[in-house]
Every structure is written in structure tokens, then in C-alpha cells.
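This is query.tsv. It holds TSV, C-alpha atoms.
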```
chain	number	residue	atom	x	y	z
A	511	MET	CA	39.91	187.53	188.17
A	512	ASN	CA	43.31	186.49	186.96
A	513	SER	CA	45.25	189.06	184.90
A	514	TYR	CA	46.06	186.41	182.28
A	515	VAL	CA	42.34	185.75	181.72
A	516	ASN	CA	41.69	189.49	181.40
A	517	THR	CA	44.54	189.79	178.88
A	518	ALA	CA	43.26	186.81	176.81
A	519	VAL	CA	39.67	188.11	176.76
A	520	GLY	CA	40.92	191.59	175.84
A	521	ALA	CA	43.02	190.17	173.03
A	522	LEU	CA	40.06	188.14	171.73
A	523	LEU	CA	37.72	191.14	171.81
A	524	GLY	CA	40.40	193.35	170.20
A	525	THR	CA	40.92	190.82	167.39
A	526	ILE	CA	37.18	190.57	166.77
A	527	PHE	CA	36.94	194.38	166.67
A	528	VAL	CA	39.81	194.67	164.17
A	529	LEU	CA	38.40	191.90	161.93
A	530	MET	CA	34.92	193.45	161.89
A	531	SER	CA	36.38	196.91	161.16
A	532	VAL	CA	38.46	195.55	158.27
A	533	SER	CA	35.41	193.66	156.91
A	534	ILE	CA	33.20	196.75	157.01
A	535	ALA	CA	35.91	198.94	155.45
A	536	SER	CA	36.68	196.47	152.65
A	537	GLU	CA	32.97	196.09	151.85
A	538	GLY	CA	32.75	199.86	151.49
A	539	ILE	CA	35.86	200.07	149.32
A	540	PHE	CA	35.40	197.01	147.10
A	541	HIS	CA	31.60	196.80	146.89
A	542	SER	CA	30.26	195.92	143.45
A	543	GLU	CA	26.70	195.97	142.26
A	544	ALA	CA	25.09	192.82	140.86
A	545	PRO	CA	25.06	192.92	137.03
A	546	GLU	CA	21.77	193.66	135.32
A	547	LYS	CA	22.25	190.74	132.95
A	548	GLU	CA	24.15	187.51	133.62
A	549	GLY	CA	27.38	187.16	131.68
A	550	PHE	CA	26.80	183.55	130.68
A	551	ALA	CA	23.53	181.72	131.24
A	552	ILE	CA	23.71	177.95	131.45
A	553	VAL	CA	20.65	176.40	129.89
A	554	ALA	CA	19.99	172.78	130.77
A	555	GLU	CA	18.44	170.64	128.08
A	556	GLU	CA	15.19	169.04	129.11
A	557	ALA	CA	14.83	165.31	128.78
A	558	PRO	CA	12.34	164.21	126.14
A	559	ALA	CA	9.01	162.84	127.31
A	560	ALA	CA	8.54	159.09	127.53
A	561	GLY	CA	8.45	157.61	124.07
A	562	GLY	CA	10.17	160.72	122.72
A	563	GLU	CA	12.89	160.79	120.13
A	564	ALA	CA	16.19	159.24	121.29
A	565	ALA	CA	18.47	161.69	119.46
A	566	PRO	CA	17.95	164.99	117.67
A	567	ALA	CA	17.29	164.67	113.97
A	568	VAL	CA	20.13	165.45	111.60
A	569	ALA	CA	18.72	168.03	109.18
A	570	VAL	CA	21.25	168.13	106.34
A	571	PRO	CA	22.41	164.83	104.78
A	572	ILE	CA	26.07	164.10	105.52
A	573	ALA	CA	26.86	163.58	101.83
A	574	GLN	CA	25.97	167.22	101.14
A	575	LEU	CA	27.94	168.43	104.15
A	576	LEU	CA	31.01	166.41	103.15
A	577	ALA	CA	30.99	168.05	99.71
A	578	SER	CA	31.89	171.39	101.34
A	579	ALA	CA	33.87	169.99	104.30
A	580	ASP	CA	37.51	170.83	105.01
A	581	ALA	CA	39.77	168.09	106.41
A	582	LYS	CA	42.27	170.69	107.71
A	583	ALA	CA	39.50	172.35	109.74
A	584	GLY	CA	38.45	168.87	110.88
A	585	GLU	CA	41.97	168.25	112.16
A	586	THR	CA	41.62	171.36	114.30
A	587	VAL	CA	38.24	170.25	115.67
A	588	PHE	CA	39.67	166.75	116.24
A	589	LYS	CA	41.95	168.23	118.91
A	590	LYS	CA	38.91	168.06	121.22
A	591	CYS	CA	38.88	164.30	120.64
A	592	GLN	CA	42.59	163.75	121.24
A	593	ALA	CA	42.20	163.80	125.01
A	594	CYS	CA	40.49	160.41	124.72
A	595	HIS	CA	41.34	159.11	121.23
A	596	ASP	CA	44.47	158.62	119.16
A	597	GLY	CA	44.33	158.82	115.36
A	598	THR	CA	47.73	157.47	114.38
A	599	LYS	CA	48.23	154.15	112.60
A	600	GLY	CA	49.05	151.53	115.22
A	601	GLY	CA	48.59	154.15	117.93
A	602	PRO	CA	47.44	153.28	121.41
A	603	ASN	CA	43.94	153.07	122.76
A	604	LYS	CA	43.34	155.76	125.34
A	605	VAL	CA	40.12	156.30	127.27
A	606	GLY	CA	38.50	155.67	123.88
A	607	PRO	CA	39.64	153.40	121.04
A	608	ASN	CA	42.19	154.38	118.38
A	609	LEU	CA	40.36	156.04	115.47
A	610	PHE	CA	42.73	155.25	112.60
A	611	GLY	CA	40.59	153.62	109.91
A	612	VAL	CA	37.35	154.19	111.83
A	613	VAL	CA	35.27	155.12	108.77
A	614	ASP	CA	33.52	151.95	107.57
A	615	ARG	CA	35.04	149.90	110.42
A	616	PRO	CA	32.61	147.65	112.32
A	617	ILE	CA	31.32	149.40	115.44
A	618	ALA	CA	32.84	148.25	118.76
A	619	SER	CA	35.45	146.14	116.99
A	620	HIS	CA	38.83	147.80	117.59
A	621	GLU	CA	41.19	145.22	118.95
A	622	GLY	CA	42.32	145.65	122.54
A	623	PHE	CA	39.62	148.08	123.61
A	624	ALA	CA	36.97	147.21	126.21
A	625	TYR	CA	33.73	148.67	124.86
A	626	SER	CA	30.73	149.44	127.07
A	627	ALA	CA	27.77	147.07	126.99
A	628	ALA	CA	25.67	149.83	125.39
A	629	MET	CA	28.15	150.21	122.53
A	630	LYS	CA	28.33	146.43	122.02
A	631	ASP	CA	24.52	146.28	121.86
A	632	PHE	CA	24.44	149.23	119.46
A	633	SER	CA	26.92	147.46	117.17
A	634	LYS	CA	24.67	144.38	116.93
A	635	GLY	CA	27.64	142.06	117.39
A	636	SER	CA	29.92	144.32	115.29
A	637	SER	CA	27.63	143.84	112.27
A	638	GLU	CA	26.97	147.60	112.04
A	639	LYS	CA	29.71	149.81	110.60
A	640	TRP	CA	30.79	153.37	111.25
A	641	THR	CA	29.32	154.73	108.03
A	642	PHE	CA	29.34	158.45	107.32
A	643	GLU	CA	25.68	158.61	108.39
A	644	PHE	CA	26.28	156.71	111.65
A	645	LEU	CA	29.26	158.92	112.50
A	646	ASN	CA	27.27	162.07	111.77
A	647	LYS	CA	24.38	161.01	113.99
A	648	PHE	CA	26.66	159.72	116.77
A	649	LEU	CA	28.88	162.81	116.87
A	650	LEU	CA	25.81	165.05	117.14
A	651	ALA	CA	24.92	163.63	120.57
A	652	PRO	CA	26.72	160.41	121.60
A	653	LYS	CA	24.81	159.88	124.85
A	654	LYS	CA	21.46	160.31	123.10
A	655	ASP	CA	22.36	158.16	120.10
A	656	VAL	CA	23.76	155.32	122.25
A	657	PRO	CA	22.22	155.62	125.74
A	658	GLY	CA	24.60	154.16	128.31
A	659	THR	CA	27.77	154.70	126.28
A	660	ALA	CA	30.87	155.44	128.33
A	661	MET	CA	31.76	158.28	125.95
A	662	GLY	CA	31.32	161.44	127.99
A	663	PHE	CA	31.62	163.87	125.06
A	664	ALA	CA	28.63	166.20	124.69
A	665	GLY	CA	28.75	166.16	120.90
A	666	LEU	CA	29.32	168.56	118.02
A	667	ALA	CA	26.22	170.66	117.46
A	668	LYS	CA	27.43	172.43	114.30
A	669	ASP	CA	26.84	170.50	111.08
A	670	GLN	CA	30.02	171.87	109.51
A	671	ASP	CA	32.20	170.87	112.50
A	672	ARG	CA	30.86	167.30	112.31
A	673	ALA	CA	31.40	167.15	108.55
A	674	ASN	CA	34.95	168.50	108.91
A	675	VAL	CA	35.83	165.95	111.62
A	676	ILE	CA	34.28	163.09	109.64
A	677	LEU	CA	36.23	164.11	106.53
A	678	TYR	CA	39.41	164.27	108.61
A	679	LEU	CA	38.69	160.82	110.10
A	680	HIS	CA	38.12	159.62	106.52
A	681	THR	CA	41.71	160.62	105.70
A	682	LEU	CA	43.03	158.54	108.63
A	683	ALA	CA	43.16	155.26	106.71
A	684	ASP	CA	45.53	153.32	104.47
A	685	SER	CA	42.88	153.22	101.75
A	686	PRO	CA	39.96	155.55	102.54
A	687	VAL	CA	36.50	154.45	101.43
A	688	PRO	CA	34.86	156.59	98.70
A	689	LEU	CA	32.92	159.62	99.86
A	690	PRO	CA	29.15	159.43	99.38
A	691	ASP	CA	27.68	161.15	96.33
A	692	PRO	CA	26.07	164.45	97.44
A	693	ASN	CA	23.61	164.32	94.52
A	694	ALA	CA	22.34	160.87	95.48
A	695	ALA	CA	21.24	162.20	98.89
A	696	THR	CA	18.92	164.83	97.37
A	697	GLN	CA	16.92	162.47	95.19
```

Starting from the file, lay out its structure as C-alpha cells.
Amino acid sequence: MNSYVNTAVGALLGTIFVLMSVSIASEGIFHSEAPEKEGFAIVAEEAPAAGGEAAPAVAVPIAQLLASADAKAGETVFKKCQACHDGTKGGPNKVGPNLFGVVDRPIASHEGFAYSAAMKDFSKGSSEKWTFEFLNKFLLAPKKDVPGTAMGFAGLAKDQDRANVILYLHTLADSPVPLPDPNAATQ
């Protein structure tokens, strides 16, 4: 055999030996046991059965939630929305439409924004408006409330977070509509 072949094979075998030795040694030094309990379990939500409810029910009326809502806290929660929406007057549309004056604005009607077919259908030709109730239900689970919407946001599960954001959106208008009467919702 050629001495160059012997040298190459020896080098290959030597490299394999060193790599295996380092692997075995590092496993012994840095070995960690599997935790008894997972740090964070991801629970997938099961789809409702055929004919099931389209969106989860909103338990507390929005009028009652708005009575104790905080617009400043809503501004903080709204930061989640700012990746896709702008809230300034005359501001640009982003991935989603500008939300200045959204409360009581006809659904799917903001000029210059291309709404999804699902949102256009949901708006019934822009005859439906973003009332406090509609916003509350939509922000709970957008994809369940309007199946097929392009809005990829999972929703705000906490009642107070939704109320705070809705109250903050309410302030983003030249002349905000009156808040609903919390006592009228309980009758």
C-alpha cells in the first residue's frame, strides 16, 4: 500500500477517535437529567364540533367592563396592536387598517385598505359598525368571530385587557361616541 493512503486512513481514524472521546467526555461533564415537570406546556385548543359555537361567549357585558376600564392601561396593551395598526389621525395603513376613529365606524370601510373577503362579508356591505359590543367580541378571538379574516392576532382573553383597549380606541377620535350605560346592560 501507498504511504499516503496509510497516512490518510490513520488521520481519519485518529480524528474519529478524538471526536468520539470528546463526545463521551462532554456527555459525562455536561449531562443533565430531564425535568420532572415541563417548564411550559403548550395546550392546543380543540376545534368545536360541527354546528358548534363560532366564537366563545363573552360573559360580562362590555358596558360594565368599560365602567372600570383604564385608557392608559389600554394604551399599553395597544402596543401589541401597533405592529399591524396605526392609531394616529391621518396615519398610514399598515398590515391592518388605521384605527383612528374605529369605534362606531362602519366595518371594513377605512379608505385605502384592502380588506379580506371574510371581513367584507362580515360587514354586510359596511352596514355593520364597530360598536363596543362588536369590538369586544372580535378582540376576544378574531379568527373565530370572523372565520377567514386575514388578521392573525390570537385575541385578548382577559376581559379587562379588552375593555382597556376598547376604551383607549374610543379616545382615538375627534369626537368620541358616548360610552354605553353600564346600568342599562344589567336590566

What's around range 684-694 of chain A at 10 Å? Count all atoms listed in the file, leave out sequence neighbours fewer than 5 positions away in its own chain, and write the answer as a PyMOL selection string. chain A and resi 571-578+599+610-614+641-643+677+679

Can you tell me which residues surround range 623-636 of chain A at a distance of at most 10 Å, considering only C-alpha atoms, apart from same-chain residues fewer than 5 positions away, and format the answer as a list in words? Pro602, Asn603, Lys604, Val605, Gly606, Pro607, Asn608, Arg615, Pro616, Ile617, Ala618, Asp655, Val656, Pro657, Gly658, Thr659, Ala660 and Met661 of chain A

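We find CA of Lys647 in chain A and CA of Asp669 in chain A to be spaced 10.2 Å apart.
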
Spatial neighbours of Lys590 in chain A, 12 Å, all atoms listed in the file, chain gap at least 3 places, as a ChimeraX atom specification: /A:584-587,593-596,663-666,671,675

Would you compute the distance between CA of Ala569 in chain A and CA of Lys589 in chain A? Give it in Å to one decimal.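 Distance between the two atoms: 25.2 Å.
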
Using Å and a single decimal, report how far CA of Ala673 in chain A sits from CA of Ala581 in chain A.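 Interatomic distance, CA of Ala581 in chain A to CA of Ala673 in chain A: 8.7 Å.
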
Selected residue of minimal separation from Ala683 in chain A among A:Lys653, A:Thr598, A:Gly662, A:Asn646, counting all atoms listed in the file: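 Ranked by minimum distance to Ala683 in chain A, first place goes to A:Thr598.
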
Which of these residues is nearest to Phe648 in chain A, using all atoms listed in the file: A:Lys582, A:Arg672, A:Gln592, A:Ala535? A:Arg672
